[in-house]
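A short worksheet on the structure shown next.
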Amino acid sequence: MFTTLILIFCCIILYFVYDKWCRTYFQRLGIPGPPSIPVLGNFTEWFVVFHDRFAEYFQKYGKIVGVYNFRKPTLLVSDPDVVRKILVKDFDHFVNRQEAAIKTDLLAGGMLAAKDERWRKLRSLLSPSFTSVKLKSMVPLMRECAEVLVDIFTKREEEGKTIECKELYGPYAMDVIGSCAFGLRVNSQTNQDEPFIKYAKRIFNFNVTNPAFLISMLFPWTAPIFNFFKLGSVPKDIEQFFLGVFEKAIADRQANGDTGKSDFLELMMSAHKEDDDVNIMNDAEDDIADLAQETSWKPKQKTALNRQEIIGNSITFLLAGYETSSTALGFVSYLLATNQHVQDLLVAEVKEMAPSQSDVTFETVTKMEYLNMVIMEAMRIYPPGEVLERVCNKEITYNNITIKKGQYIFIPIWNLQHDSDLWPDPETFDPERFSKDRRGNNHPCGWLPFGIGPHTCIGVRFAMLEIKVAMVCILQKFRFDTCPETEIPPKLGNLSFLTPPNGITLRITPHSRYNLRSR
């Protein structure tokens with residue numbers, strides 16, 4: 001018994017010695033950073049909003065800071081020139097994202113879980129879904145969904161009710177993705193009990209208090225056990241629902257043969273071996289795409305997708321599109337309501353270029369310069385996500401700092417987009433920052449809502465188009481105003497997504513009534 005206690009005591013001592021050694025990694029490399037605590041590292045400091053804590057680090061320790069996510073050494077990089085090298089010029093050194101310790105069958109075949117050549121294959125195969133020709137064919141479907149949204153706005157206004165943005169924009173985004181990407185009539189806007197939206201919300205309610213997540217971070221050797229017994233981060237009923245939906249969609253397409261559709265699902269199902277190098281960022285008219293052309297990386301030869309990859313990428317596209325677009329629409333609406341002079345200019349552009357619903361076409365919305373400026377500035381102030389993650393796969397040195405193979409990198413989107421060295425008066429909502437006269441002065445890595453370089457979000461143009469169509473259709477009829485329930489500024493989420501936990505509540509006013517009130 002005594003011997004057993006001695007062994008246990010020695011094991012505990014060795015564990016904490018090893019833990020301490022792990023947490024001196026950056027100290028040994030001469031990289032500054034905050035002190036950490038045993039086992040948890042700096043993790044407990046991040047339960048506040050990430051960017052607030054990161055801002056403290058950068059102010060105290062400089063633009064490159066070493067922190068510990070539990071025992072994992074993680075490099076925070078907010079130097080925009082180094083960020084540019086990591087994401088673009090030296091992309092081959094940072095191809096992969098951090099791998100999730102706890103796996104889920106739902107996302108296993110998707111791009112977010114893909115690495116190295118498999119990621120290149122998926123990127124090459126899926127990029128043709130978002131060409132201008134494909135996007136143009138989707139606008140009527142987006143407009144149809146936006147018209148339903150406007151009808152709901154109209155009913156709310158007639159009943160004297162306010163709107164809660166995520167409550168309305170979430171179902172709109174889900175309907176758009178279902179219709180444009182998979183040919184599914186989800187109807188989540190008109191059916192509040194639609195399972196699609198209910199299950200999607202449940203996935204995003206996941207947080208780091210999940211026991212499997214915490215245990216696997218504290219004791220990495222437990223992750224294979226959780227994975228073996230499929231005790232992942234996504235509840236089984238959610239997995240079964242989405243797997244069932246897409247299995248049925250695939251089976252229906254196979255049974256019906258060539259449907260003539262050119263959506264995301266059809267592209268994946270018809271994928272075959274090709275040699276073509278296709279890159280989503282080839283459209284010269286796309287301002288966002290222009291930021292990604294500094295790398296020699298090219299996608300490798302295409303090969304067909306398997307069933308797991310079709311389902312995994314379907315789920316990935318659905319969930320990523322739902323959260324990003326609905327959150328962005330909410331913040332755009334909020335900023336218009338709190339900056340009426342900007343809303344005046346945008347409404348004037350809408351009235352001039354798209355006075356009726358039939359004017360909401362691909363050509364029209366992509367030519368609306370001020371609309372694009374407003375959305376880009378809104379996403380600068382309120383990016384949908386907090387950080388970009390990368391893992392170094394080949395050792396490289398920047399500014400006398402050596403980044404070793406296996407090193408985790410966090411790139412803080414919010415902090416870069418609120419850096420006063422990059423954006424004078426960064427808290428001010430100023431769409432003119434993205435005007436033709438001024439946008440050439442913006443640092444390419446000062447605006448990263450969709451990333452940059454070969455890893456740029458593959459659906460960036462789809463997301464921007466979806467947001468634009470909704471905004472134009474709404475502003476044809478309504479204006480946004482604040483109300484007593486509007487939280488100014490909105491409280492932000494404290495995890496990887498910034499979705500306001502208290503929502504964004506606004507009042508909408510028809511132009512006819514607003515014009516009378518203004519006289």
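Chain lettering (A, B, ...) mirrors the order of the structure tokens, residue numbering begins at 1 for each chain separately, and ligand numbering begins at 1 in order of display.
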Next on the checklist: Give me, as a PyMOL selection string, all polymer residues having an atom no more than 12 Å from A:Glu487, counting only C-alpha atoms and skipping those fewer than 2 positions away in the same chain.
Outcome noted: chain A and resi 164+331+334-335+337-338+482-485+489-492+500-506
List as CSV every residue of stretch 428-500 of chain A that is in contact with stretch 379-383 of chain A, defined as an atom at most 8 Å from one of its atoms (using only C-alpha atoms), together with the nearest atom pair and the distance in Å rounded to one decimal, sorted by chain and then rising number.
residue,atom,partner,partner_atom,distance
A:Phe429,CA,A:Ile381,CA,7.4
A:Trp447,CA,A:Arg380,CA,6.1
A:Leu448,CA,A:Arg380,CA,7.8
A:Pro449,CA,A:Pro383,CA,5.3
A:Leu498,CA,A:Pro383,CA,7.4
Next on the checklist: I'd like the contact shell of stretch 72-89 of chain A - 8 Å cut-off, only C-alpha atoms, skipping same-chain residues fewer than 3 positions apart - returned as a PyMOL selection string.
Outcome noted: chain A and resi 22-23+25-26+58+63-69+93-94+292+294-296+398+407-412+415-416+443-446+452-455
Those same residues - C-alpha atoms - I'd like them written as a tab-separated table (two decimals), in the first residue's frame.
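Just written: selection.tsv:
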chain	number	residue	atom	x	y	z
A	22	CYS	CA	5.65	22.29	-21.60
A	23	ARG	CA	4.64	25.74	-20.36
A	25	TYR	CA	8.31	26.44	-24.38
A	26	PHE	CA	8.04	30.08	-25.45
A	58	PHE	CA	-0.63	42.67	-27.60
A	63	LYS	CA	2.50	41.86	-31.93
A	64	ILE	CA	3.65	38.23	-31.50
A	65	VAL	CA	2.72	36.57	-28.22
A	66	GLY	CA	3.14	33.04	-26.85
A	67	VAL	CA	0.19	31.57	-24.92
A	68	TYR	CA	-0.88	28.10	-23.82
A	69	ASN	CA	-4.19	26.50	-24.76
A	93	HIS	CA	4.38	26.10	-44.53
A	94	PHE	CA	0.90	26.54	-43.05
A	292	ALA	CA	-5.70	36.27	-52.51
A	294	GLU	CA	0.00	36.54	-53.96
A	295	THR	CA	0.80	32.84	-53.81
A	296	SER	CA	2.13	30.37	-56.32
A	398	TYR	CA	10.26	35.45	-39.13
A	407	GLN	CA	3.35	24.91	-33.88
A	408	TYR	CA	-0.22	26.19	-33.51
A	409	ILE	CA	-0.95	29.68	-34.81
A	410	PHE	CA	-3.88	31.95	-33.86
A	411	ILE	CA	-4.49	34.99	-36.07
A	412	PRO	CA	-6.90	37.36	-34.26
A	415	ASN	CA	-7.74	42.72	-33.31
A	416	LEU	CA	-6.33	43.19	-36.80
A	443	HIS	CA	-3.47	46.55	-45.76
A	444	PRO	CA	-4.47	43.23	-47.39
A	445	CYS	CA	-4.47	41.53	-43.98
A	446	GLY	CA	-6.42	44.24	-42.22
A	452	ILE	CA	-7.06	35.40	-47.36
A	453	GLY	CA	-4.88	33.34	-49.69
A	454	PRO	CA	-5.56	29.76	-50.82
A	455	HIS	CA	-7.55	29.08	-47.63
Checklist entry - Can you list, as a PyMOL selection string, every protein, DNA or RNA residue that comes within 10 Å of stretch 235-248 of chain A when you count only C-alpha atoms, leaving out same-chain residues fewer than 4 positions away? => result chain A and resi 104-107+182+184+195-196+198-200+202-203+206+230-231+252-254+265+307-308+310-312+314-315
Checklist entry - Near A:Glu363, counting only C-alpha atoms, which residues have an atom at most 10 Å away, once you skip same-chain residues fewer than 4 positions from it, shown as number ranges by chain? => result A: 136, 139, 359, 367-368
Resulting file, chosen residues, N, CA and C atoms, as a compact mmCIF listing (two decimals), in the first residue's frame:
# COMPACT_ATOMS: atom_id res chain seq x y z
N LYS A 136 -25.04 33.68 -60.66
CA LYS A 136 -26.11 34.40 -61.36
C LYS A 136 -27.39 33.58 -61.38
N VAL A 139 -29.47 33.84 -57.99
CA VAL A 139 -30.09 35.08 -57.50
C VAL A 139 -31.62 35.00 -57.46
N ASP A 359 -35.84 44.21 -60.19
CA ASP A 359 -34.53 44.81 -60.46
C ASP A 359 -33.41 44.14 -59.65
N LYS A 367 -23.11 45.56 -58.89
CA LYS A 367 -22.67 46.89 -59.29
C LYS A 367 -22.95 47.95 -58.23
N MET A 368 -23.61 47.58 -57.15
CA MET A 368 -23.98 48.54 -56.12
C MET A 368 -22.78 48.79 -55.21
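Pairwise distance (atom CA of A:Phe478, atom CA of A:His511) equals 5.5 Å.
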